[in-house]
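Enquirer: target-v2.csv is reproduced below (CSV, C-alpha atoms and all ligand atoms).
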```csv
chain,number,residue,atom,x,y,z
A,7,MET,CA,-92.5,-64.3,98.8
A,8,SER,CA,-89.8,-66.4,100.4
A,9,GLN,CA,-88.7,-67.4,103.9
A,10,PRO,CA,-85.1,-67.6,105.0
A,11,PHE,CA,-84.7,-71.4,104.7
A,12,SER,CA,-86.3,-71.9,101.4
A,13,GLY,CA,-83.0,-72.0,99.5
A,14,VAL,CA,-81.0,-74.4,101.6
A,15,GLY,CA,-81.8,-77.4,99.6
A,16,TYR,CA,-80.4,-80.9,100.0
A,17,VAL,CA,-77.9,-81.9,102.6
A,18,PRO,CA,-76.0,-85.1,101.8
A,19,SER,CA,-74.9,-87.6,104.4
A,20,ALA,CA,-71.3,-88.2,105.2
A,21,GLY,CA,-71.3,-91.4,103.1
A,22,GLU,CA,-72.8,-89.7,100.1
A,23,LEU,CA,-70.4,-86.8,100.4
A,24,ILE,CA,-67.4,-89.1,100.4
A,25,ASP,CA,-68.8,-91.1,97.5
A,26,ILE,CA,-69.4,-88.0,95.5
A,27,ALA,CA,-65.9,-86.6,96.1
A,28,PHE,CA,-63.8,-89.7,95.6
A,29,GLY,CA,-66.0,-90.9,92.8
A,30,ARG,CA,-65.4,-87.7,90.9
A,31,ALA,CA,-61.7,-87.6,91.7
A,32,SER,CA,-61.1,-91.1,90.3
A,33,ARG,CA,-63.4,-90.6,87.2
A,34,ARG,CA,-61.6,-87.5,86.2
A,35,ALA,CA,-59.8,-88.1,83.0
A,36,VAL,CA,-56.3,-87.0,83.8
A,37,LYS,CA,-54.3,-85.5,81.0
A,38,VAL,CA,-51.2,-87.5,81.5
A,39,PRO,CA,-48.1,-85.6,80.7
A,40,LYS,CA,-45.4,-87.3,78.6
A,41,GLY,CA,-42.4,-88.5,80.4
A,42,PRO,CA,-41.3,-91.2,82.9
A,43,VAL,CA,-43.9,-93.3,84.6
A,44,GLU,CA,-43.2,-91.6,88.0
A,45,THR,CA,-44.2,-88.2,86.6
A,46,ARG,CA,-47.4,-89.7,85.1
A,47,VAL,CA,-48.4,-91.4,88.3
A,48,LYS,CA,-47.7,-88.3,90.4
A,49,ALA,CA,-49.8,-86.2,88.1
A,50,LYS,CA,-52.7,-88.6,88.5
A,51,GLU,CA,-52.5,-88.8,92.3
A,52,ARG,CA,-52.1,-85.0,92.5
A,53,ASP,CA,-55.3,-84.5,90.5
A,54,ARG,CA,-57.1,-87.0,92.8
A,55,ILE,CA,-56.1,-85.2,96.0
A,56,ARG,CA,-56.9,-81.9,94.5
A,57,ILE,CA,-60.3,-82.8,93.2
A,58,ALA,CA,-61.4,-84.9,96.3
A,59,GLY,CA,-60.2,-82.1,98.6
A,60,SER,CA,-61.9,-79.3,96.7
A,61,VAL,CA,-65.2,-81.2,96.2
A,62,LEU,CA,-65.4,-82.1,99.9
A,63,ALA,CA,-64.4,-78.7,101.2
A,64,GLY,CA,-66.5,-76.9,98.6
A,65,ARG,CA,-69.7,-78.9,99.3
A,66,LEU,CA,-69.4,-78.4,103.0
A,67,ARG,CA,-68.9,-74.7,102.5
A,68,SER,CA,-71.8,-74.4,100.1
A,69,ILE,CA,-74.2,-76.1,102.6
A,70,VAL,CA,-73.2,-73.5,105.2
A,71,SER,CA,-73.5,-70.6,102.8
A,72,ARG,CA,-76.9,-71.6,101.7
A,73,PHE,CA,-78.2,-71.2,105.3
A,74,PRO,CA,-79.2,-67.7,106.3
A,75,ASP,CA,-77.2,-65.9,109.0
A,76,LEU,CA,-79.1,-67.1,112.1
A,77,ASP,CA,-78.3,-63.9,114.0
A,78,ARG,CA,-79.8,-61.8,111.3
A,79,ILE,CA,-83.0,-63.5,110.3
A,80,HIS,CA,-86.2,-61.9,111.6
A,81,PRO,CA,-87.0,-62.8,115.2
A,82,PHE,CA,-90.3,-64.5,114.0
A,83,TYR,CA,-88.3,-67.0,111.9
A,84,ARG,CA,-85.6,-67.3,114.5
A,85,GLU,CA,-88.1,-68.2,117.2
A,86,LEU,CA,-89.8,-70.8,114.9
A,87,ALA,CA,-86.5,-72.3,113.9
A,88,ASP,CA,-85.7,-72.5,117.6
A,89,VAL,CA,-88.9,-74.4,118.4
A,90,LEU,CA,-88.5,-76.7,115.4
A,91,VAL,CA,-84.9,-77.7,115.6
A,92,GLY,CA,-83.0,-75.5,118.0
A,93,VAL,CA,-81.0,-72.4,116.8
A,94,ASP,CA,-78.0,-73.3,119.0
A,95,GLU,CA,-77.8,-76.8,117.6
A,96,LEU,CA,-78.1,-75.4,114.1
A,97,LYS,CA,-75.2,-73.0,114.7
A,98,LYS,CA,-73.1,-75.7,116.2
A,99,ALA,CA,-73.7,-78.0,113.2
A,100,LEU,CA,-72.9,-75.3,110.7
A,101,GLY,CA,-69.8,-74.3,112.7
A,102,ALA,CA,-68.7,-78.0,112.6
A,103,LEU,CA,-69.2,-78.1,108.8
A,104,MET,CA,-67.2,-74.9,108.3
A,105,LYS,CA,-64.4,-76.2,110.5
A,106,ALA,CA,-64.3,-79.5,108.7
A,107,SER,CA,-64.2,-77.7,105.3
A,108,LYS,CA,-61.1,-75.7,106.5
A,109,ILE,CA,-59.4,-78.8,107.8
A,110,ILE,CA,-59.9,-80.6,104.5
A,111,GLU,CA,-58.5,-77.6,102.6
A,112,LYS,CA,-55.5,-77.7,104.8
A,113,LEU,CA,-55.0,-81.5,104.3
A,114,ARG,CA,-55.3,-80.9,100.6
A,115,ARG,CA,-52.6,-78.3,100.6
A,116,THR,CA,-50.3,-80.4,102.9
A,117,TYR,CA,-50.6,-83.6,100.8
A,118,LEU,CA,-50.1,-81.8,97.5
A,119,LEU,CA,-46.8,-80.4,98.9
A,120,GLU,CA,-45.8,-83.8,100.2
A,121,LEU,CA,-46.6,-85.3,96.9
A,122,ARG,CA,-44.3,-83.0,95.1
A,123,LYS,CA,-41.4,-84.4,97.1
A,124,ALA,CA,-42.3,-88.0,96.4
A,125,THR,CA,-39.8,-89.8,94.3
A,126,THR,CA,-41.4,-93.2,93.8
A,127,ILE,CA,-44.7,-94.5,92.5
A,128,SER,CA,-45.5,-96.3,95.7
A,129,GLU,CA,-44.8,-93.2,97.8
A,130,ALA,CA,-47.2,-91.2,95.6
A,131,GLY,CA,-49.9,-93.9,96.0
A,132,ARG,CA,-49.4,-94.1,99.7
A,133,LEU,CA,-49.7,-90.3,100.1
A,134,ARG,CA,-52.9,-90.2,98.1
A,135,ARG,CA,-54.4,-93.0,100.1
A,136,GLU,CA,-53.4,-91.3,103.3
A,137,ALA,CA,-54.9,-88.0,102.1
A,138,TYR,CA,-58.2,-89.8,101.2
A,139,GLY,CA,-58.2,-91.6,104.6
A,140,ARG,CA,-57.7,-88.4,106.5
A,141,MET,CA,-60.2,-86.4,104.5
A,142,ALA,CA,-62.8,-89.2,104.9
A,143,SER,CA,-62.3,-89.4,108.6
A,144,VAL,CA,-62.9,-85.6,108.9
A,145,VAL,CA,-66.2,-86.0,107.1
A,146,LYS,CA,-67.1,-89.0,109.2
A,147,ARG,CA,-66.5,-87.1,112.3
A,148,ILE,CA,-69.1,-84.5,111.4
A,149,SER,CA,-71.6,-87.2,110.3
A,150,LYS,CA,-74.0,-86.5,113.2
A,151,TYR,CA,-74.1,-82.8,112.3
A,152,LEU,CA,-74.8,-83.6,108.6
A,153,ASP,CA,-77.6,-85.9,109.8
A,154,PHE,CA,-79.0,-83.3,112.1
A,155,LEU,CA,-79.1,-80.8,109.2
A,156,ARG,CA,-80.6,-83.3,106.8
A,157,ASP,CA,-83.4,-83.8,109.3
A,158,ALA,CA,-83.8,-80.1,110.1
A,159,VAL,CA,-83.9,-78.6,106.6
A,160,PRO,CA,-87.2,-80.1,105.4
A,161,LYS,CA,-88.8,-78.9,108.6
A,162,LEU,CA,-87.4,-75.4,108.3
A,163,ALA,CA,-88.4,-75.4,104.6
A,164,LYS,CA,-92.0,-75.9,105.6
A,165,LEU,CA,-92.1,-72.6,107.6
A,166,PRO,CA,-94.7,-70.3,106.1
A,167,SER,CA,-93.6,-67.5,103.8
A,168,ILE,CA,-94.6,-64.4,105.6
A,169,ASP,CA,-93.0,-61.0,105.0
A,170,PRO,CA,-92.3,-59.8,108.5
A,171,GLU,CA,-91.7,-56.3,107.2
A,172,VAL,CA,-95.3,-55.9,106.1
A,173,PRO,CA,-97.6,-54.4,108.8
A,174,THR,CA,-99.7,-57.2,110.2
A,175,ILE,CA,-103.1,-57.7,111.6
A,176,VAL,CA,-103.7,-61.0,113.4
A,177,VAL,CA,-107.2,-62.3,113.8
A,178,ALA,CA,-108.0,-64.3,116.9
A,179,GLY,CA,-111.1,-65.8,118.5
A,180,TYR,CA,-112.7,-69.1,119.0
A,181,THR,CA,-113.5,-71.5,116.2
A,182,ASN,CA,-116.5,-70.6,114.1
A,183,VAL,CA,-116.8,-67.0,115.3
A,184,GLY,CA,-116.0,-65.8,111.8
A,185,LYS,CA,-112.3,-65.3,111.5
A,186,SER,CA,-111.9,-66.8,108.1
A,187,SER,CA,-115.0,-65.0,106.8
A,188,LEU,CA,-113.5,-61.7,108.1
A,189,VAL,CA,-110.1,-62.2,106.5
A,190,LYS,CA,-111.8,-63.1,103.2
A,191,ALA,CA,-114.1,-60.1,103.4
A,192,VAL,CA,-111.3,-57.5,104.0
A,193,SER,CA,-108.6,-58.9,101.7
A,194,THR,CA,-108.0,-57.4,98.4
A,195,ALA,CA,-106.9,-60.6,96.7
A,196,LYS,CA,-107.6,-64.3,97.4
A,197,PRO,CA,-105.8,-65.1,100.7
A,198,ASP,CA,-102.7,-67.5,100.6
A,199,VAL,CA,-102.6,-70.6,102.6
A,200,ALA,CA,-99.4,-71.7,104.4
A,201,SER,CA,-98.5,-74.4,106.9
A,202,TYR,CA,-97.5,-73.5,110.4
A,203,PRO,CA,-95.4,-75.7,112.7
A,204,PHE,CA,-97.2,-77.7,115.4
A,205,THR,CA,-100.6,-77.0,114.0
A,206,THR,CA,-102.7,-79.4,112.0
A,207,LYS,CA,-104.4,-76.6,110.1
A,208,SER,CA,-102.9,-74.1,107.7
A,209,ILE,CA,-102.8,-70.4,108.4
A,210,VAL,CA,-104.4,-68.1,106.0
A,211,LEU,CA,-102.7,-65.0,104.8
A,212,GLY,CA,-104.8,-62.2,103.4
A,213,HIS,CA,-103.5,-58.9,101.9
A,214,ARG,CA,-104.9,-55.5,101.5
A,215,ASP,CA,-103.6,-52.6,99.7
A,216,THR,CA,-104.1,-49.4,101.5
A,217,PRO,CA,-103.2,-45.8,100.6
A,218,HIS,CA,-100.2,-46.1,103.1
A,219,GLY,CA,-99.0,-49.4,101.7
A,220,ARG,CA,-99.7,-53.1,101.9
A,221,ILE,CA,-100.8,-54.8,105.0
A,222,GLN,CA,-101.3,-58.5,105.8
A,223,ILE,CA,-104.1,-60.1,107.7
A,224,ILE,CA,-103.4,-63.4,109.3
A,225,ASP,CA,-106.1,-65.9,110.2
A,226,THR,CA,-104.7,-68.5,112.6
A,227,PRO,CA,-106.9,-71.5,112.8
A,228,GLY,CA,-105.6,-73.9,115.4
A,229,LEU,CA,-103.5,-71.2,117.0
A,230,LEU,CA,-105.5,-68.6,118.7
A,231,ASP,CA,-108.8,-70.3,118.7
A,232,ARG,CA,-108.7,-72.3,121.9
A,233,PRO,CA,-107.3,-72.0,125.4
A,234,LEU,CA,-103.6,-71.4,125.4
A,235,SER,CA,-103.5,-73.2,128.8
A,236,GLU,CA,-104.3,-76.4,126.9
A,237,ARG,CA,-101.1,-76.1,124.9
A,238,ASN,CA,-97.8,-77.8,125.5
A,239,ARG,CA,-94.7,-75.7,125.8
A,240,ILE,CA,-93.7,-76.2,122.2
A,241,GLU,CA,-97.0,-75.4,120.7
A,242,LEU,CA,-97.2,-72.4,122.8
A,243,GLN,CA,-93.8,-71.1,121.7
A,244,ALA,CA,-94.8,-71.6,118.1
A,245,ILE,CA,-98.0,-69.6,118.7
A,246,LEU,CA,-96.2,-66.9,120.6
A,247,ALA,CA,-93.8,-66.4,117.7
A,248,LEU,CA,-96.7,-64.5,116.2
A,249,LYS,CA,-95.9,-61.7,118.6
A,250,HIS,CA,-92.9,-60.8,116.4
A,251,LEU,CA,-95.3,-60.2,113.5
A,252,ALA,CA,-98.5,-58.8,115.1
A,253,ASP,CA,-98.9,-55.1,115.1
A,254,VAL,CA,-102.5,-55.4,116.1
A,255,ILE,CA,-104.8,-58.2,117.0
A,256,ILE,CA,-108.5,-58.2,116.1
A,257,PHE,CA,-110.3,-60.4,118.6
A,258,LEU,CA,-113.7,-61.7,117.3
A,259,VAL,CA,-116.5,-62.6,119.7
A,260,ASP,CA,-119.6,-64.4,118.6
A,261,PRO,CA,-122.6,-63.2,120.5
A,262,THR,CA,-124.9,-65.8,119.1
A,263,PRO,CA,-125.0,-69.5,120.1
A,264,THR,CA,-124.0,-70.5,116.5
A,265,CYS,CA,-120.3,-70.9,117.1
A,266,GLY,CA,-121.0,-73.4,119.9
A,267,PHE,CA,-118.8,-71.8,122.6
A,268,PRO,CA,-120.3,-69.9,125.5
A,269,LEU,CA,-119.4,-66.3,126.1
A,270,GLU,CA,-117.4,-67.2,129.3
A,271,SER,CA,-115.1,-69.4,127.3
A,272,GLN,CA,-114.6,-66.7,124.6
A,273,LEU,CA,-113.8,-64.1,127.3
A,274,ARG,CA,-111.3,-66.4,128.9
A,275,LEU,CA,-109.5,-66.9,125.6
A,276,LEU,CA,-109.6,-63.1,125.2
A,277,GLU,CA,-107.8,-62.6,128.5
A,278,GLU,CA,-105.2,-65.3,127.6
A,279,VAL,CA,-104.5,-63.7,124.3
A,280,LYS,CA,-104.2,-60.3,125.9
A,281,SER,CA,-101.7,-61.5,128.5
A,282,SER,CA,-99.7,-63.5,126.0
A,283,PHE,CA,-99.3,-60.6,123.6
A,284,PRO,CA,-98.5,-57.7,125.9
A,285,GLY,CA,-97.9,-54.5,124.1
A,286,VAL,CA,-99.8,-55.5,121.0
A,287,PRO,CA,-102.9,-53.4,120.7
A,288,MET,CA,-106.1,-55.3,120.5
A,289,ILE,CA,-109.4,-54.4,118.8
A,290,LEU,CA,-112.5,-56.2,119.9
A,291,ALA,CA,-115.2,-57.0,117.4
A,292,ILE,CA,-118.6,-58.6,117.9
A,293,ASN,CA,-119.5,-60.5,114.8
A,294,LYS,CA,-122.6,-61.9,113.2
A,295,ALA,CA,-124.5,-58.6,113.8
A,296,ASP,CA,-126.9,-59.7,111.0
A,297,ILE,CA,-128.3,-62.6,113.1
A,298,ALA,CA,-127.5,-61.5,116.7
A,299,THR,CA,-130.3,-60.0,118.8
A,300,GLU,CA,-129.9,-56.6,120.3
A,301,GLU,CA,-129.9,-58.3,123.7
A,302,GLN,CA,-127.1,-60.7,122.7
A,303,VAL,CA,-125.0,-57.8,121.5
A,304,SER,CA,-125.5,-55.7,124.5
A,305,THR,CA,-124.7,-58.6,126.9
A,306,VAL,CA,-121.4,-59.1,125.1
A,307,LYS,CA,-120.7,-55.3,125.1
A,308,GLU,CA,-121.2,-55.2,128.8
A,309,ALA,CA,-119.1,-58.2,129.5
A,310,LEU,CA,-116.2,-56.9,127.4
A,311,GLY,CA,-116.0,-53.8,129.4
A,312,GLN,CA,-114.4,-51.9,126.6
A,313,GLY,CA,-115.4,-50.5,123.3
A,314,ALA,CA,-116.1,-53.0,120.5
A,315,HIS,CA,-117.0,-52.9,116.9
A,316,VAL,CA,-120.2,-54.5,116.0
A,317,ILE,CA,-119.8,-56.2,112.6
A,318,SER,CA,-121.0,-58.8,110.2
A,319,ALA,CA,-118.2,-60.4,108.3
A,320,LEU,CA,-120.8,-62.0,106.1
A,321,ARG,CA,-122.8,-59.0,105.2
A,322,GLY,CA,-120.1,-56.4,105.5
A,323,ASP,CA,-121.6,-54.2,108.3
A,324,GLY,CA,-119.0,-52.3,110.3
A,325,LEU,CA,-116.0,-53.6,108.4
A,326,LYS,CA,-114.9,-50.3,107.0
A,327,GLU,CA,-114.6,-48.7,110.5
A,328,LEU,CA,-113.0,-51.8,111.9
A,329,MET,CA,-110.4,-51.9,109.2
A,330,GLU,CA,-109.7,-48.2,109.4
A,331,GLU,CA,-108.8,-48.6,113.1
A,332,ALA,CA,-106.8,-51.8,112.5
A,333,ILE,CA,-104.8,-50.3,109.6
A,334,ARG,CA,-104.1,-47.2,111.6
A,335,LEU,CA,-102.7,-49.2,114.5
A,336,ALA,CA,-100.8,-51.6,112.2
A,337,PHE,CA,-99.0,-48.7,110.6
A,338,ARG,CA,-98.4,-47.0,113.9
A,339,GLY,CA,-96.8,-50.2,115.0
A,340,ARG,CA,-94.3,-49.8,112.2
A,341,GLY,CA,-93.5,-46.3,113.1
A,342,VAL,CA,-95.3,-44.8,110.2
A,343,ALA,CA,-96.4,-41.2,110.9
A,344,GLU,CA,-99.3,-40.6,113.2
A,345,GLY,CA,-102.4,-39.1,111.7
A,346,ILE,CA,-103.2,-42.0,109.4
B,401,LIG,N1,-124.7,-64.9,110.0
B,401,LIG,C1,-123.4,-64.8,110.0
B,401,LIG,N2,-122.7,-65.9,109.9
B,401,LIG,C2,-121.3,-65.7,109.9
B,401,LIG,C3,-120.7,-64.4,110.0
B,401,LIG,N3,-119.4,-64.6,109.9
B,401,LIG,C4,-119.2,-65.9,109.8
B,401,LIG,N4,-120.3,-66.6,109.8
B,401,LIG,C5,-120.5,-68.0,109.6
B,401,LIG,O1,-120.0,-68.7,110.8
B,401,LIG,C6,-119.4,-69.9,110.4
B,401,LIG,C7,-118.0,-69.9,110.8
B,401,LIG,O2,-117.3,-68.9,110.1
B,401,LIG,P1,-115.7,-69.0,109.9
B,401,LIG,O3,-115.4,-67.7,109.2
B,401,LIG,O4,-115.4,-70.2,109.2
B,401,LIG,O5,-115.2,-69.0,111.4
B,401,LIG,P2,-113.7,-69.3,111.9
B,401,LIG,O6,-113.7,-70.7,112.4
B,401,LIG,O7,-113.6,-68.4,113.1
B,401,LIG,O8,-112.8,-69.1,110.8
B,401,LIG,C8,-119.6,-70.0,108.9
B,401,LIG,O9,-120.7,-70.8,108.6
B,401,LIG,C9,-119.8,-68.6,108.4
B,401,LIG,O10,-120.6,-68.5,107.3
B,401,LIG,C10,-121.6,-63.3,110.1
B,401,LIG,O11,-121.2,-62.1,110.1
B,401,LIG,N5,-122.9,-63.5,110.1
B,402,MG,MG,-111.5,-70.4,110.0
```
Translate the structure described by the file into structure tokens.

Expert:
Amino acid sequence: MSQPFSGVGYVPSAGELIDIAFGRASRRAVKVPKGPVETRVKAKERDRIRIAGSVLAGRLRSIVSRFPDLDRIHPFYRELADVLVGVDELKKALGALMKASKIIEKLRRTYLLELRKATTISEAGRLRREAYGRMASVVKRISKYLDFLRDAVPKLAKLPSIDPEVPTIVVAGYTNVGKSSLVKAVSTAKPDVASYPFTTKSIVLGHRDTPHGRIQIIDTPGLLDRPLSERNRIELQAILALKHLADVIIFLVDPTPTCGFPLESQLRLLEEVKSSFPGVPMILAINKADIATEEQVSTVKEALGQGAHVISALRGDGLKELMEEAIRLAFRGRGVAEGI
């Protein structure tokens, strides 16, 4: 599994880039042609301009090309990239690099032509120094963009690897209601763990193979487990990026006092999640049926005011029916034929 920014790699600073290019240009062992000294000096300077120019222009172009096309990445990743570093800023920086690369290419061509006309050693040297100076100043002018990208890339590289094309069930509910237990219980293989921006905890990614194809089940500790109204704008945008992934949300309620959060708080979170993910179908599940009293379950059922599965993530009760409904809705979200 990969995410769009995993292959971007290292971005050098302006200073590093200049050192690399001019260092390589002067180290290059020139095959000096026989003939008068002017010819030999011109050959050496020509090689320097050629190499310095192509290393600089090539490196800049290669940084840009290792970035994904920001208009074409999945909206989930675009939104997260936007919260993390800003998509417009990224585009601007990449545009500046591309433009600089073209200017350096042009300088390279111009000075190589000029050099051909040079008749003296000192003129050849002057032209080469001038070419270096102008190329270096083009690179220095985009220094802030290189620095911005250097800073942005490690952040973007930490985005979780989630395949947005796979039908996705997101599990929400307060802390300790049994989200992790549920994801573990219904996943075919051991869930993967990934980091998520602006959360201290990792998200957990379970998979399940179904007759209709693979689905993923996301447990979001630290995201959908406490009031959204307590979040700052940035955290909230990171959380809401999940809307681009979620085909269905399973909201877990704990009817027992064991999770430590009263029913009213859990119901308030439910309303927040509902209104934050409009259009995403939601399935309610009352967990811990193995230890809940009948009275606790019926109190919750009544308060929910809509049908809910009664399950035990720990013992397995009700999981088959819950997952059947979730899987059906997840595939329907992807336009897969009705009747599943
Ligand atoms: N008795 C019982 N305990 C459960 C059930 N599901 C989860 N738990 C327990 O509740 C605690 C919190 O579960 P966890 O899955 O970590 O909740 P999360 O914080 O929502 O991910 C753990 O001690 C679980 O063993 C259940 O169905 N029955
Ligand atoms: Mg958990």

Enquirer: Of the residues A:Ile24, A:Ala291, A:Ile223, A:Leu162, which is the one nearest to Pro10 of chain A, using only C-alpha atoms?

Expert: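 Using only C-alpha atoms, Pro10 of chain A sits closest to A:Leu162.
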
Enquirer: Return the single residue from A:Gly41, A:Gly322, A:Gly313, A:Gly64 that is closest to Lys190 of chain A, with distances computed using only C-alpha atoms.

Expert: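 When distances to Lys190 of chain A are compared using only C-alpha atoms, the smallest one comes from A:Gly322.
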
Enquirer: Counting all atoms listed in the file, which residue out of A:Gly266, A:Gly184, A:Gly285, A:Gly92 sits closest to ligand MG 402 (chain B)?

Expert: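 Of all the options, A:Gly184 lies closest to ligand MG 402 (chain B).
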
Enquirer: Which residue gives the smallest distance to Glu327 of chain A among A:Asp215, A:Glu241, A:Ile289, A:Ser32, with only C-alpha atoms counted?

Expert: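 Between A:Asp215, A:Glu241, A:Ile289, A:Ser32, the residue approaching Glu327 of chain A most closely is A:Ile289.
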
Enquirer: Choose the residue, out of A:Val43, A:Ala158, A:Val172, A:Arg67, that has the smallest atom-to-atom separation from Leu96 of chain A; count all atoms listed in the file.

Expert: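 Under the stated criterion, the closest residue is A:Ala158.
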
Enquirer: Quick one: of A:Arg33, A:Arg54, A:Phe11, A:Asp94, who's nearest to Arg72 of chain A, counting all atoms listed in the file?

Expert: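 Of all the options, A:Phe11 lies closest to Arg72 of chain A.
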
Enquirer: Using only C-alpha atoms and all ligand atoms, which residues of the polymer chains come no farther than 9 Å from ligand MG 402 (chain B)? I'd like the answer as a short mmCIF file (atom, residue, chain, number, x, y, z; two decimals) with C-alpha atoms, in the frame of the given file.

Expert:
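Saved the output as pocket.cif:
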```cif
data_model
loop_
_atom_site.label_atom_id
_atom_site.label_comp_id
_atom_site.auth_asym_id
_atom_site.auth_seq_id
_atom_site.Cartn_x
_atom_site.Cartn_y
_atom_site.Cartn_z
CA THR A 181 -113.50 -71.50 116.20
CA ASN A 182 -116.50 -70.60 114.10
CA VAL A 183 -116.80 -67.00 115.30
CA GLY A 184 -116.00 -65.80 111.80
CA LYS A 185 -112.30 -65.30 111.50
CA SER A 186 -111.90 -66.80 108.10
CA SER A 187 -115.00 -65.00 106.80
CA ILE A 209 -102.80 -70.40 108.40
CA VAL A 210 -104.40 -68.10 106.00
CA ASP A 225 -106.10 -65.90 110.20
CA THR A 226 -104.70 -68.50 112.60
CA PRO A 227 -106.90 -71.50 112.80
CA GLY A 228 -105.60 -73.90 115.40
#
```

Enquirer: For Ser167 of chain A, work out the shell of residues within 10 Å, counting only C-alpha atoms and skipping chain neighbours fewer than 2 positions away, then give it as a VMD selection string.

Expert: chain A and resid 7 to 12 83 163 to 165 169 to 170 198 to 202 211

Enquirer: Can you tell me how far atom CA of Tyr138 of chain A sits from atom CA of Glu22 of chain A, in Å to one decimal?

Expert: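 Interatomic distance here is 14.6 Å.
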
Enquirer: Rounded to one decimal, what separation in Å do you get between atom CA of Glu236 of chain A and atom CA of Val279 of chain A?

Expert: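 Here the two named atoms are 13.0 Å from each other.
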